[in-house]
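Chemist: Below is a structure I'd like to ask you about.
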Amino acid sequence: MSQEDIFRELRKISKVLTLSNAPAIEKELSKVASTKERKRMWIFLDGKRMQKDIADKAKVTPQAVGQFLNAGVPLELIEYEKGKPPRRLLDYVPPEWLALVEIPSEVEGNAGDTQSVLATQDKKQESPS
C-alpha cells in the first residue's frame, strides 16, 4: 500500500468519524461560535484568508475576528499565528450554518463540501462581470 493510499484511507476514516460525531462537534463548536457573526467567521476560517479578509466576508470588525480567534485557540478548534491565515482544526461546518452566508445557487446542493463551495464563491466574486 503506497503512502498516497494510506492518506486516502485516513481521509475517509476522518470523514466518517466527523460525520458520525457531527452533533457532538456542533455542540463543541457552539461554545465559541455562539452568534450568527461567529458562525460566519467559522465558515471563512479556511487557512487562506487573513483576519481582515475574514472580517470583510463575515461583515464584522477585524477586532471581532481577533476575539473569536483568541477564544478558539485555547479550545484547540483554531490554529492561528500572527501574520498567518487562521484555519479550523476541525474541517467541519454544520450544514445549517451555511445558510448564514450567501452561496450561489448552483453550488448550494454541495453543502457537505464547504471548502469547494467557498472556493467557488470566491472565484465567482473575483471574476470580472
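Labels for the C-alpha cells follow display order: chains A, B, ..., residues from 1 in each chain, ligands from 1.
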Can you pull out the residues contacting region 38-44 of chain A? Cut-off 7 Å, using only C-alpha atoms, and skip same-chain residues under 3 positions away; I want them as a PyMOL selection string.

Modeler: chain A and resi 33-35+54+58+68+93+97+100-101

Chemist: Can those selected residues be exported to a file as an mmCIF file, in the first residue's frame so that it contains N, CA, C and O atoms?

Modeler:
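Writing the result to again35.cif gives the following:
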data_model
loop_
_atom_site.group_PDB
_atom_site.id
_atom_site.type_symbol
_atom_site.label_atom_id
_atom_site.label_comp_id
_atom_site.auth_asym_id
_atom_site.auth_seq_id
_atom_site.Cartn_x
_atom_site.Cartn_y
_atom_site.Cartn_z
ATOM 1 N N ALA A 33 -18.557 29.547 18.699
ATOM 2 C CA ALA A 33 -19.355 30.150 17.629
ATOM 3 C C ALA A 33 -20.798 30.259 18.117
ATOM 4 O O ALA A 33 -21.686 29.558 17.657
ATOM 5 N N SER A 34 -21.000 31.180 19.055
ATOM 6 C CA SER A 34 -22.289 31.277 19.750
ATOM 7 C C SER A 34 -23.253 32.273 19.117
ATOM 8 O O SER A 34 -24.407 32.343 19.511
ATOM 9 N N THR A 35 -22.797 33.046 18.144
ATOM 10 C CA THR A 35 -23.665 34.012 17.470
ATOM 11 C C THR A 35 -23.610 33.775 15.962
ATOM 12 O O THR A 35 -22.722 33.074 15.465
ATOM 13 N N ILE A 54 -11.403 37.801 6.554
ATOM 14 C CA ILE A 54 -12.485 37.102 7.260
ATOM 15 C C ILE A 54 -13.483 38.122 7.784
ATOM 16 O O ILE A 54 -14.696 37.935 7.660
ATOM 17 N N ALA A 58 -17.329 38.136 6.732
ATOM 18 C CA ALA A 58 -18.315 37.862 7.780
ATOM 19 C C ALA A 58 -19.078 39.120 8.191
ATOM 20 O O ALA A 58 -19.992 39.054 9.010
ATOM 21 N N PHE A 68 -12.587 36.319 18.434
ATOM 22 C CA PHE A 68 -13.050 34.975 18.102
ATOM 23 C C PHE A 68 -11.872 34.006 18.020
ATOM 24 O O PHE A 68 -11.925 32.900 18.571
ATOM 25 N N VAL A 93 -18.240 22.264 9.049
ATOM 26 C CA VAL A 93 -19.182 23.357 9.221
ATOM 27 C C VAL A 93 -20.569 22.725 9.245
ATOM 28 O O VAL A 93 -20.954 22.048 8.281
ATOM 29 N N TRP A 97 -25.454 26.098 9.208
ATOM 30 C CA TRP A 97 -24.701 27.345 9.316
ATOM 31 C C TRP A 97 -24.447 27.950 7.944
ATOM 32 O O TRP A 97 -24.253 29.159 7.821
ATOM 33 N N LEU A 100 -26.154 31.064 6.635
ATOM 34 C CA LEU A 100 -25.766 32.388 7.138
ATOM 35 C C LEU A 100 -24.897 33.162 6.156
ATOM 36 O O LEU A 100 -24.660 34.349 6.349
ATOM 37 N N VAL A 101 -24.390 32.489 5.126
ATOM 38 C CA VAL A 101 -23.580 33.163 4.110
ATOM 39 C C VAL A 101 -24.253 32.984 2.767
ATOM 40 O O VAL A 101 -24.986 32.028 2.548
#

Chemist: Step one, run DSSP on the backbone; step two, keep only residues of region 25-119 of chain A assigned to strand (DSSP E); then write them as JSON, numbers by chain.

Modeler: {"A": [78, 79, 87, 88]}

Chemist: Those residues with all heavy atoms, as a PDB file, in the first residue's frame please?

Modeler:
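Below you can see again_13.pdb, which holds the result:
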ATOM      1  N   ILE A  78      -9.051  26.163  16.626  1.00  0.00           N
ATOM      2  CA  ILE A  78      -8.478  27.054  15.625  1.00  0.00           C
ATOM      3  C   ILE A  78      -6.965  27.066  15.777  1.00  0.00           C
ATOM      4  O   ILE A  78      -6.445  27.092  16.894  1.00  0.00           O
ATOM      5  CB  ILE A  78      -9.023  28.494  15.804  1.00  0.00           C
ATOM      6  CG1 ILE A  78     -10.544  28.513  15.599  1.00  0.00           C
ATOM      7  CG2 ILE A  78      -8.331  29.471  14.860  1.00  0.00           C
ATOM      8  CD1 ILE A  78     -11.199  29.830  15.978  1.00  0.00           C
ATOM      9  N   GLU A  79      -6.291  27.077  14.631  1.00  0.00           N
ATOM     10  CA  GLU A  79      -4.835  27.237  14.600  1.00  0.00           C
ATOM     11  C   GLU A  79      -4.565  28.636  14.076  1.00  0.00           C
ATOM     12  O   GLU A  79      -5.036  28.999  12.991  1.00  0.00           O
ATOM     13  CB  GLU A  79      -4.233  26.192  13.664  1.00  0.00           C
ATOM     14  CG  GLU A  79      -2.732  26.220  13.612  1.00  0.00           C
ATOM     15  CD  GLU A  79      -2.215  25.116  12.697  1.00  0.00           C
ATOM     16  OE1 GLU A  79      -2.152  25.355  11.473  1.00  0.00           O
ATOM     17  OE2 GLU A  79      -1.923  24.026  13.216  1.00  0.00           O
ATOM     18  N   ARG A  87      -6.865  28.956  10.599  1.00  0.00           N
ATOM     19  CA  ARG A  87      -7.623  27.867   9.983  1.00  0.00           C
ATOM     20  C   ARG A  87      -8.305  27.035  11.053  1.00  0.00           C
ATOM     21  O   ARG A  87      -7.868  26.971  12.195  1.00  0.00           O
ATOM     22  CB  ARG A  87      -6.741  26.999   9.099  1.00  0.00           C
ATOM     23  CG  ARG A  87      -5.746  26.139   9.825  1.00  0.00           C
ATOM     24  CD  ARG A  87      -4.961  25.256   8.841  1.00  0.00           C
ATOM     25  NE  ARG A  87      -4.251  24.223   9.549  1.00  0.00           N
ATOM     26  CZ  ARG A  87      -4.738  23.019   9.832  1.00  0.00           C
ATOM     27  NH1 ARG A  87      -5.938  22.687   9.433  1.00  0.00           N
ATOM     28  NH2 ARG A  87      -4.022  22.135  10.492  1.00  0.00           N
ATOM     29  N   ARG A  88      -9.392  26.393  10.635  1.00  0.00           N
ATOM     30  CA  ARG A  88     -10.118  25.467  11.515  1.00  0.00           C
ATOM     31  C   ARG A  88      -9.277  24.207  11.684  1.00  0.00           C
ATOM     32  O   ARG A  88      -8.738  23.695  10.707  1.00  0.00           O
ATOM     33  CB  ARG A  88     -11.448  25.047  10.887  1.00  0.00           C
ATOM     34  CG  ARG A  88     -12.396  26.147  10.553  1.00  0.00           C
ATOM     35  CD  ARG A  88     -13.725  25.575  10.032  1.00  0.00           C
ATOM     36  NE  ARG A  88     -13.616  24.937   8.733  1.00  0.00           N
ATOM     37  CZ  ARG A  88     -13.867  25.531   7.583  1.00  0.00           C
ATOM     38  NH1 ARG A  88     -14.258  26.782   7.557  1.00  0.00           N
ATOM     39  NH2 ARG A  88     -13.752  24.882   6.453  1.00  0.00           N
TER      40      ARG A  88
END

Chemist: Which value, in Å to one decimal, gives the distance between CA of Lys59 (chain A) and CA of Leu19 (chain A)?

Modeler: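 Between these atoms lies a distance of 28.8 Å.
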
Chemist: Write out as a ChimeraX atom specification each polymer residue whose atoms come within 10 Å of Ala55 (chain A), counting only C-alpha atoms; drop sequence neighbours fewer than 3 positions from it.

Modeler: /A:37,40-41,44,49-52,58-66

Chemist: To test your reading of the structure, identify every residue in region 3-111 of chain A that backbone DSSP assigns to helix (DSSP H, G or I), and report it as a ChimeraX atom specification.

Modeler: /A:3-20,22-32,36-44,51-58,62-72,95-100,105-110

Chemist: Using CA of Glu4 (chain A) and CA of Asn21 (chain A) as the two end points, give the distance in Å to one decimal.

Modeler: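 Computing the Euclidean distance for CA of Glu4 (chain A) and CA of Asn21 (chain A) yields 25.6 Å.
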